[in-house]
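*Asks:* Enclosed is the structure file data.tsv (TSV, C-alpha atoms).
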```
chain	number	residue	atom	x	y	z
Z	1	MET	CA	79.03	-222.53	-75.07
Z	2	GLU	CA	75.49	-222.21	-76.55
Z	3	SER	CA	75.27	-218.51	-75.67
Z	4	LEU	CA	78.65	-217.86	-77.30
Z	5	THR	CA	77.53	-219.66	-80.45
Z	6	THR	CA	74.31	-217.60	-80.51
Z	7	GLU	CA	76.24	-214.33	-80.15
Z	8	ILE	CA	78.47	-215.26	-83.08
Z	9	THR	CA	75.54	-216.45	-85.23
Z	10	ARG	CA	73.35	-213.33	-84.81
Z	11	PRO	CA	75.79	-210.82	-86.38
Z	12	ALA	CA	76.40	-213.28	-89.21
Z	13	GLU	CA	72.65	-213.60	-89.85
Z	14	GLY	CA	72.26	-209.82	-89.71
Z	15	LYS	CA	75.00	-209.30	-92.31
Z	16	LYS	CA	73.50	-211.99	-94.53
Z	17	ARG	CA	70.04	-210.43	-94.31
Z	18	LYS	CA	71.47	-206.97	-95.10
Z	19	HIS	CA	73.41	-208.35	-98.06
Z	20	ARG	CA	70.27	-210.06	-99.33
Z	21	PHE	CA	68.31	-206.78	-99.07
Z	22	TRP	CA	70.85	-204.81	-101.12
Z	23	TYR	CA	71.10	-207.63	-103.64
Z	24	THR	CA	67.31	-207.68	-104.08
Z	25	MET	CA	67.24	-203.89	-104.37
Z	26	LEU	CA	69.94	-204.00	-107.06
Z	27	GLN	CA	68.05	-206.68	-108.97
Z	28	GLN	CA	64.80	-204.68	-108.82
Z	29	ARG	CA	66.33	-201.22	-109.22
Z	30	TYR	CA	64.03	-200.27	-112.10
Z	31	LEU	CA	60.94	-201.08	-110.04
Z	32	TYR	CA	62.28	-198.94	-107.20
Z	33	LEU	CA	62.98	-196.08	-109.62
Z	34	MET	CA	59.44	-196.34	-111.02
Z	35	SER	CA	58.00	-196.04	-107.50
Z	36	VAL	CA	59.99	-192.90	-106.63
Z	37	PRO	CA	57.46	-190.40	-108.16
Z	38	PHE	CA	54.60	-192.04	-106.26
Z	39	VAL	CA	56.56	-192.00	-102.99
Z	40	ILE	CA	57.32	-188.30	-103.49
Z	41	TRP	CA	53.64	-187.62	-104.28
Z	42	LEU	CA	52.62	-189.52	-101.10
Z	43	ILE	CA	55.06	-187.56	-98.94
Z	44	ILE	CA	54.01	-184.16	-100.33
Z	45	PHE	CA	50.24	-184.66	-100.21
Z	46	SER	CA	49.83	-187.11	-97.31
Z	47	TYR	CA	52.65	-186.53	-94.84
Z	48	VAL	CA	53.71	-182.89	-95.26
Z	49	PRO	CA	50.18	-181.59	-94.43
Z	50	ILE	CA	50.36	-183.36	-91.06
Z	51	TRP	CA	52.24	-180.36	-89.67
Z	52	GLY	CA	48.89	-178.55	-89.92
Z	53	TRP	CA	47.69	-180.64	-86.99
Z	54	LEU	CA	49.39	-178.00	-84.83
Z	55	VAL	CA	46.31	-175.85	-85.46
Z	56	ALA	CA	44.26	-178.15	-83.18
Z	57	PHE	CA	46.42	-177.09	-80.23
Z	58	GLN	CA	46.19	-173.37	-81.00
Z	59	ASN	CA	43.58	-170.64	-81.03
Z	60	TYR	CA	44.14	-170.27	-84.75
Z	61	LYS	CA	43.45	-166.91	-86.35
Z	62	PRO	CA	43.93	-166.46	-90.13
Z	63	GLY	CA	46.49	-163.89	-91.15
Z	64	LYS	CA	49.20	-164.96	-88.73
Z	65	SER	CA	51.91	-167.55	-89.12
Z	66	ILE	CA	51.11	-170.90	-87.58
Z	67	PHE	CA	54.00	-170.40	-85.18
Z	68	ASP	CA	52.68	-167.01	-84.02
Z	69	GLN	CA	49.34	-168.38	-82.82
Z	70	LYS	CA	48.24	-168.64	-79.19
Z	71	TRP	CA	48.67	-172.16	-77.79
Z	72	ILE	CA	45.63	-173.61	-75.98
Z	73	GLY	CA	46.73	-177.22	-75.47
Z	74	LEU	CA	43.92	-179.79	-75.50
Z	75	LYS	CA	41.07	-177.28	-75.15
Z	76	SER	CA	39.63	-178.11	-78.61
Z	77	PHE	CA	39.58	-181.83	-77.82
Z	78	ILE	CA	37.94	-181.20	-74.44
Z	79	GLU	CA	35.22	-179.16	-76.17
Z	80	LEU	CA	34.80	-181.90	-78.76
Z	81	PHE	CA	34.31	-184.71	-76.26
Z	82	SER	CA	32.06	-182.52	-74.10
Z	83	ASP	CA	29.64	-181.75	-76.94
Z	84	GLU	CA	26.54	-183.99	-76.90
Z	85	ARG	CA	26.00	-183.26	-80.59
Z	86	PHE	CA	29.32	-184.94	-81.37
Z	87	TYR	CA	28.15	-188.29	-79.95
Z	88	HIS	CA	24.87	-187.97	-81.83
Z	89	VAL	CA	26.81	-187.41	-85.06
Z	90	LEU	CA	29.18	-190.28	-84.22
Z	91	ARG	CA	26.15	-192.58	-83.90
Z	92	ASN	CA	24.92	-191.59	-87.35
Z	93	THR	CA	28.39	-192.07	-88.84
Z	94	LEU	CA	28.92	-195.53	-87.36
Z	95	ALA	CA	25.39	-196.68	-88.23
Z	96	MET	CA	25.67	-195.73	-91.90
Z	97	SER	CA	29.26	-197.00	-92.08
Z	98	VAL	CA	28.42	-200.44	-90.68
Z	99	MET	CA	25.34	-200.76	-92.89
Z	100	GLY	CA	27.37	-199.70	-95.92
Z	101	LEU	CA	30.20	-202.08	-95.00
Z	102	ILE	CA	27.89	-205.09	-94.73
Z	103	VAL	CA	25.92	-204.33	-97.89
Z	104	GLY	CA	28.96	-203.03	-99.76
Z	105	PHE	CA	30.75	-206.37	-99.41
Z	106	THR	CA	27.91	-208.89	-99.40
Z	107	VAL	CA	26.07	-207.69	-102.51
Z	108	PRO	CA	29.15	-207.23	-104.80
Z	109	ILE	CA	30.47	-210.69	-103.86
Z	110	ILE	CA	27.11	-212.32	-104.58
Z	111	PHE	CA	26.85	-210.37	-107.83
Z	112	ALA	CA	30.40	-211.41	-108.83
Z	113	LEU	CA	29.65	-215.06	-108.01
Z	114	LEU	CA	26.51	-215.06	-110.16
Z	115	LEU	CA	28.23	-213.18	-112.96
Z	116	ASN	CA	31.12	-215.63	-112.89
Z	117	GLU	CA	28.70	-218.49	-113.48
Z	118	LEU	CA	27.29	-217.00	-116.70
Z	119	ARG	CA	28.41	-218.85	-119.79
Z	120	GLY	CA	27.26	-216.51	-122.56
Z	121	ARG	CA	30.27	-214.28	-123.20
Z	122	TRP	CA	28.37	-211.46	-124.91
Z	123	PHE	CA	25.59	-211.44	-122.32
Z	124	LYS	CA	28.10	-211.54	-119.47
Z	125	ARG	CA	30.06	-208.56	-120.78
Z	126	SER	CA	26.85	-206.62	-121.37
Z	127	ILE	CA	25.74	-207.15	-117.78
Z	128	GLN	CA	29.21	-206.13	-116.52
Z	129	THR	CA	29.20	-202.92	-118.55
Z	130	ILE	CA	25.70	-201.95	-117.46
Z	131	SER	CA	26.53	-202.58	-113.80
Z	132	TYR	CA	29.66	-200.39	-113.97
Z	133	LEU	CA	27.93	-197.33	-115.43
Z	134	PRO	CA	26.30	-195.95	-112.23
Z	135	HIS	CA	29.76	-195.60	-110.65
Z	136	PHE	CA	30.62	-192.86	-113.15
Z	137	VAL	CA	27.46	-190.88	-112.42
Z	138	SER	CA	27.99	-187.92	-110.09
Z	139	TRP	CA	26.39	-188.10	-106.63
Z	140	VAL	CA	24.65	-184.83	-107.50
Z	141	VAL	CA	22.80	-186.61	-110.32
Z	142	VAL	CA	22.18	-189.74	-108.24
Z	143	ALA	CA	20.76	-187.69	-105.37
Z	144	GLY	CA	18.45	-185.93	-107.81
Z	145	LEU	CA	17.25	-189.26	-109.22
Z	146	ILE	CA	16.66	-190.76	-105.77
Z	147	THR	CA	14.81	-187.68	-104.55
Z	148	LYS	CA	12.60	-187.65	-107.65
Z	149	MET	CA	11.85	-191.38	-107.45
Z	150	LEU	CA	10.83	-191.07	-103.78
Z	151	SER	CA	8.88	-187.87	-104.27
Z	152	VAL	CA	5.23	-187.68	-103.21
Z	153	ASP	CA	4.48	-185.74	-106.41
Z	154	GLY	CA	4.64	-188.36	-109.14
Z	155	GLY	CA	7.51	-190.35	-107.64
Z	156	ALA	CA	7.97	-193.77	-109.26
Z	157	VAL	CA	8.14	-195.63	-105.92
Z	158	ASN	CA	4.94	-194.11	-104.54
Z	159	GLN	CA	3.16	-194.64	-107.87
Z	160	LEU	CA	4.16	-198.31	-107.89
Z	161	LEU	CA	3.08	-198.90	-104.29
Z	162	MET	CA	-0.25	-197.19	-104.88
Z	163	SER	CA	-0.86	-199.13	-108.10
Z	164	LEU	CA	-0.29	-202.36	-106.16
Z	165	HIS	CA	-2.71	-201.10	-103.48
Z	166	LEU	CA	-0.04	-201.41	-100.80
Z	167	ILE	CA	-0.56	-197.83	-99.65
Z	168	ASP	CA	-3.51	-195.42	-99.83
Z	169	LYS	CA	-1.56	-192.18	-100.13
Z	170	PRO	CA	2.03	-191.23	-101.02
Z	171	ILE	CA	4.69	-191.65	-98.34
Z	172	GLN	CA	7.12	-188.83	-97.64
Z	173	PHE	CA	10.24	-191.01	-97.71
Z	174	MET	CA	12.68	-188.08	-97.61
Z	175	ALA	CA	11.00	-186.61	-94.52
Z	176	LYS	CA	11.33	-189.73	-92.35
Z	177	GLY	CA	14.62	-189.61	-90.45
Z	178	GLU	CA	14.47	-193.26	-89.36
Z	179	TRP	CA	14.49	-194.30	-93.04
Z	180	PHE	CA	17.38	-192.08	-94.07
Z	181	TRP	CA	20.15	-194.60	-93.25
Z	182	GLY	CA	18.46	-197.25	-95.38
Z	183	ILE	CA	17.96	-194.83	-98.29
Z	184	VAL	CA	21.65	-193.86	-98.25
Z	185	THR	CA	22.76	-197.51	-98.04
Z	186	ILE	CA	20.53	-198.67	-100.91
Z	187	SER	CA	21.55	-195.69	-103.06
Z	188	ASP	CA	25.23	-196.45	-102.49
Z	189	MET	CA	24.64	-200.15	-103.23
Z	190	TRP	CA	22.98	-199.33	-106.57
Z	191	LYS	CA	25.78	-196.95	-107.53
Z	192	GLU	CA	28.83	-199.02	-106.49
Z	193	THR	CA	27.89	-202.73	-106.71
Z	194	GLY	CA	29.08	-203.20	-110.28
Z	195	TRP	CA	32.32	-201.29	-109.74
Z	196	SER	CA	33.11	-203.07	-106.45
Z	197	SER	CA	32.59	-206.47	-108.06
Z	198	ILE	CA	35.42	-205.90	-110.61
Z	199	ILE	CA	38.20	-206.92	-108.25
Z	200	TYR	CA	36.33	-210.05	-107.14
Z	201	ILE	CA	35.72	-211.09	-110.74
Z	202	ALA	CA	39.44	-210.58	-111.41
Z	203	ALA	CA	40.32	-212.70	-108.37
Z	204	MET	CA	37.97	-215.45	-109.55
Z	205	ALA	CA	39.64	-215.43	-112.96
Z	206	GLY	CA	42.93	-216.32	-111.23
Z	207	ILE	CA	41.59	-219.53	-109.69
Z	208	ASP	CA	42.97	-222.67	-111.30
Z	209	PRO	CA	40.28	-224.17	-113.62
Z	210	GLU	CA	41.54	-227.65	-112.79
Z	211	GLN	CA	40.05	-227.29	-109.34
Z	212	TYR	CA	36.59	-226.85	-110.86
Z	213	GLU	CA	37.16	-229.79	-113.19
Z	214	ALA	CA	38.24	-232.03	-110.33
Z	215	ALA	CA	35.24	-230.96	-108.25
Z	216	THR	CA	32.90	-231.65	-111.16
Z	217	VAL	CA	34.35	-235.13	-111.60
Z	218	ASP	CA	33.78	-235.74	-107.88
Z	219	GLY	CA	30.11	-234.83	-108.33
Z	220	ALA	CA	30.13	-231.33	-106.85
Z	221	GLY	CA	27.31	-229.14	-108.09
Z	222	ARG	CA	27.52	-225.47	-109.03
Z	223	PHE	CA	26.79	-224.16	-105.54
Z	224	ARG	CA	29.28	-226.54	-103.90
Z	225	ARG	CA	31.97	-225.39	-106.32
Z	226	MET	CA	31.23	-221.77	-105.45
Z	227	TRP	CA	31.29	-222.50	-101.70
Z	228	HIS	CA	34.38	-224.74	-101.59
Z	229	ILE	CA	36.49	-223.32	-104.44
Z	230	THR	CA	35.45	-219.81	-105.50
Z	231	LEU	CA	34.89	-218.26	-102.08
Z	232	PRO	CA	38.12	-219.66	-100.54
Z	233	GLY	CA	39.96	-218.54	-103.68
Z	234	ILE	CA	38.95	-214.89	-103.23
Z	235	ARG	CA	39.32	-214.86	-99.42
Z	236	PRO	CA	42.72	-213.05	-99.41
Z	237	THR	CA	41.36	-210.34	-101.71
Z	238	PHE	CA	38.23	-210.00	-99.61
Z	239	MET	CA	40.16	-209.70	-96.34
Z	240	VAL	CA	42.53	-207.03	-97.68
Z	241	LEU	CA	39.63	-204.90	-98.90
Z	242	PHE	CA	37.61	-205.56	-95.75
Z	243	ILE	CA	40.39	-204.54	-93.37
Z	244	LEU	CA	41.13	-201.39	-95.38
Z	245	SER	CA	37.41	-200.54	-95.42
Z	246	ILE	CA	37.20	-200.89	-91.65
Z	247	GLY	CA	39.72	-198.07	-91.44
Z	248	ASN	CA	37.18	-195.84	-93.22
Z	249	LEU	CA	34.30	-196.51	-90.83
Z	250	ILE	CA	34.68	-193.02	-89.36
Z	251	SER	CA	35.77	-191.16	-92.50
Z	252	ILE	CA	32.87	-191.94	-94.84
Z	253	GLY	CA	32.73	-188.50	-96.45
Z	254	PHE	CA	29.66	-186.30	-96.55
Z	255	GLU	CA	28.53	-186.08	-100.19
Z	256	LYS	CA	25.70	-188.61	-99.94
Z	257	GLN	CA	24.42	-187.28	-96.63
Z	258	PHE	CA	24.72	-183.64	-97.71
Z	259	LEU	CA	22.90	-184.14	-101.02
Z	260	LEU	CA	20.18	-186.51	-99.80
Z	261	GLY	CA	19.64	-184.84	-96.44
Z	262	ASN	CA	17.34	-181.96	-95.51
Z	263	PRO	CA	16.44	-180.10	-92.29
Z	264	LEU	CA	13.68	-182.62	-91.50
Z	265	VAL	CA	16.16	-185.51	-91.22
Z	266	SER	CA	19.24	-183.64	-89.96
Z	267	ASP	CA	19.27	-185.65	-86.72
Z	268	TYR	CA	19.91	-188.76	-88.83
Z	269	SER	CA	21.85	-187.36	-91.79
Z	270	GLU	CA	24.62	-185.37	-90.11
Z	271	VAL	CA	27.93	-187.28	-90.02
Z	272	ILE	CA	31.32	-186.34	-88.60
Z	273	ASP	CA	32.60	-184.70	-91.78
Z	274	LEU	CA	29.45	-182.57	-92.02
Z	275	TYR	CA	29.79	-181.76	-88.34
Z	276	ALA	CA	33.37	-180.56	-88.93
Z	277	LEU	CA	32.18	-178.48	-91.89
Z	278	ASN	CA	29.23	-176.89	-90.07
Z	279	TYR	CA	30.64	-176.40	-86.58
Z	280	GLY	CA	34.30	-176.04	-87.50
Z	281	ILE	CA	34.99	-174.33	-90.81
Z	282	GLY	CA	31.47	-172.90	-91.10
Z	283	LEU	CA	31.84	-171.02	-87.79
Z	284	SER	CA	35.53	-170.17	-88.40
Z	285	ARG	CA	36.54	-172.54	-85.58
Z	286	TYR	CA	39.53	-173.90	-87.46
Z	287	SER	CA	41.16	-175.39	-84.37
Z	288	TYR	CA	37.96	-177.28	-83.54
Z	289	GLY	CA	37.63	-178.58	-87.11
Z	290	THR	CA	41.27	-179.75	-87.08
Z	291	ALA	CA	40.68	-181.58	-83.79
Z	292	ILE	CA	37.80	-183.47	-85.44
Z	293	GLY	CA	40.10	-184.41	-88.33
Z	294	ILE	CA	42.76	-185.72	-85.94
Z	295	PHE	CA	40.13	-187.79	-84.14
Z	296	ASN	CA	39.07	-189.32	-87.47
Z	297	SER	CA	42.64	-190.20	-88.45
Z	298	VAL	CA	43.62	-191.72	-85.10
Z	299	ILE	CA	40.47	-193.84	-84.84
Z	300	SER	CA	40.92	-195.03	-88.45
Z	301	ILE	CA	44.50	-196.16	-87.75
Z	302	ILE	CA	43.41	-197.96	-84.58
Z	303	LEU	CA	40.58	-199.73	-86.43
Z	304	VAL	CA	42.91	-200.91	-89.23
Z	305	PHE	CA	45.51	-202.34	-86.86
Z	306	THR	CA	42.84	-203.90	-84.65
Z	307	ALA	CA	41.15	-205.62	-87.60
Z	308	ASN	CA	44.51	-206.81	-88.92
Z	309	GLY	CA	45.47	-208.13	-85.47
Z	310	ILE	CA	42.24	-210.09	-85.17
Z	311	TYR	CA	42.69	-211.50	-88.68
Z	312	LYS	CA	46.29	-212.49	-87.88
Z	313	ARG	CA	45.25	-214.18	-84.64
Z	314	VAL	CA	42.51	-216.19	-86.36
Z	315	THR	CA	44.20	-217.14	-89.65
Z	316	LYS	CA	47.92	-216.70	-88.83
Z	317	GLU	CA	48.11	-214.35	-91.84
Z	318	THR	CA	48.54	-210.59	-92.03
Z	319	ILE	CA	48.30	-207.80	-94.60
Z	320	ILE	CA	50.39	-205.25	-92.69
```
Any chance you could put this one into structure tokens?

*Replies:*
Amino acid sequence: MESLTTEITRPAEGKKRKHRFWYTMLQQRYLYLMSVPFVIWLIIFSYVPIWGWLVAFQNYKPGKSIFDQKWIGLKSFIELFSDERFYHVLRNTLAMSVMGLIVGFTVPIIFALLLNELRGRWFKRSIQTISYLPHFVSWVVVAGLITKMLSVDGGAVNQLLMSLHLIDKPIQFMAKGEWFWGIVTISDMWKETGWSSIIYIAAMAGIDPEQYEAATVDGAGRFRRMWHITLPGIRPTFMVLFILSIGNLISIGFEKQFLLGNPLVSDYSEVIDLYALNYGIGLSRYSYGTAIGIFNSVISIILVFTANGIYKRVTKETII
């Protein structure tokens, strides 16, 4: 009897859920229509190019149709995973990504917390504006500034250290490979801290002020209010950005490393995207370069779903 009731109930629930979906879609038809151009843009520029992944399984030669190429199967991937240089580059990529992830979330949140506590409206807005400006400066300009500041010939950092008698002679910062990861991380922190803090400041603005008033009445100080009200209030925003950023641990780009790097620190500055550029496109090994791109995409997807799964297991919430 129970199984018969269940079989009758399931189709009824399915019809009800389907009816509710179409009703919601009808009610929000204008929102759906507004999203159509963006969906089309996403399909054209993000999904249509995926057919180019076929190149990774071919001995691609320019001038021929992609369907007239010689098929080589997984040869490009076997070469990729057999190359010792690839694992060296993967180490550099993961090291700079993890350092950037830690600093890129910790510093903007602390900055947003401190900025949120400022009471002077004019002073607060001035600090916000000043902190945003480096984001709009090109990495070409930033790399030039960093290189000049760390130069042994009149560089501001060496001049300061020598004036404080901390060093006897200038240090060649840009020639020390073991310092390159830190230089890239600090440069990125200076450039993006203000911009990254915008979304946290916006999330803090959405917290109910009555919570702060109640905490103040209960005797909570400023730091307790930040710890027990502000940080929990921005946790959903933080987790969404954190999980999405984990998906970019492998695909961190190459602009910073390319502009700040030099032959003396190439063992520490070369990342996967630079590796694909130099050993793939640079040597006309298009199939090899495409295989590197597929590796990046697959690992990024796995990292996003893994991070989301861990978050769901711990908090019983999910963003996907």

*Asks:* Would you kindly return, as a list in words, each protein, DNA or RNA residue with an atom no farther than 7 Å from any atom of Gln58 (chain Z), considering all atoms listed in the file and excluding same-chain residues fewer than 5 positions away?

*Replies:*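 With the cut-off at 7 Å, the set is Gln69, Lys70, Trp71, Ile72, Gly73 and Ser287 of chain Z.
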
*Asks:* Taking all atoms listed in the file into account, which of Z:Val142, Z:Ala307, Z:Leu274, Z:Ile246 comes nearest Ser97 (chain Z)?

*Replies:*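 Going through Z:Val142, Z:Ala307, Z:Leu274, Z:Ile246 one by one, the smallest distance to Ser97 (chain Z) is for Z:Ile246.
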
*Asks:* Excluding Phe305 (chain Z) and residues on its chain fewer than 2 positions from it, collect all residues at most 10 Å away from it, counting all atoms listed in the file, and give them as JSON, numbers by chain.

*Replies:* {"Z": [243, 244, 246, 247, 300, 301, 302, 303, 307, 308, 309, 310, 311, 319, 320]}

*Asks:* Find the residues near region 259-269 of chain Z: any atom within 8 Å, counting only C-alpha atoms, skip ones fewer than 3 places away on the same chain, and give them as a VMD selection string.

*Replies:* chain Z and resid 88 to 89 92 139 to 140 143 147 174 to 178 180 to 181 184 255 to 256

*Asks:* Using Å and a single decimal, report how far CA of Thr315 (chain Z) sits from CA of Leu231 (chain Z).

*Replies:*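 A separation of 15.6 Å between them.
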
*Asks:* In Å, rounded to a single decimal, give me how far CA of Gly100 (chain Z) is from CA of Ile201 (chain Z).

*Replies:*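 CA of Ile201 (chain Z) sits 20.5 Å away from CA of Gly100 (chain Z).
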
*Asks:* Let me make sure I understand: among Z:Gln257, Z:Met99, Z:Leu249, Z:Pro232, which one has the smallest atom-to-atom distance to Thr185 (chain Z) if we use all atoms listed in the file?

*Replies:* Z:Met99

*Asks:* Separation of CA of Ile171 (chain Z) and CA of Asp153 (chain Z), in Å?

*Replies:*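 Between these atoms lies a distance of 10.0 Å.
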
*Asks:* How big is the axis-aligned box, and where does its centre sit, when it encloses all atoms of region 248-261 of chain Z listed in the file and has 8 Å added on every side, reported in Å to one decimal as JSON?

*Replies:*
```
{"center_x": 28.4, "center_y": -190.1, "center_z": -95.2, "size_x": 33.5, "size_y": 28.9, "size_z": 27.7}
```

*Asks:* With distances taken over only C-alpha atoms, which residue among Z:Lys312, Z:Arg29, Z:Lys191, Z:Arg20 lies nearest Ile146 (chain Z)?

*Replies:*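 With only C-alpha atoms as the atom set, the closest residue is Z:Lys191.
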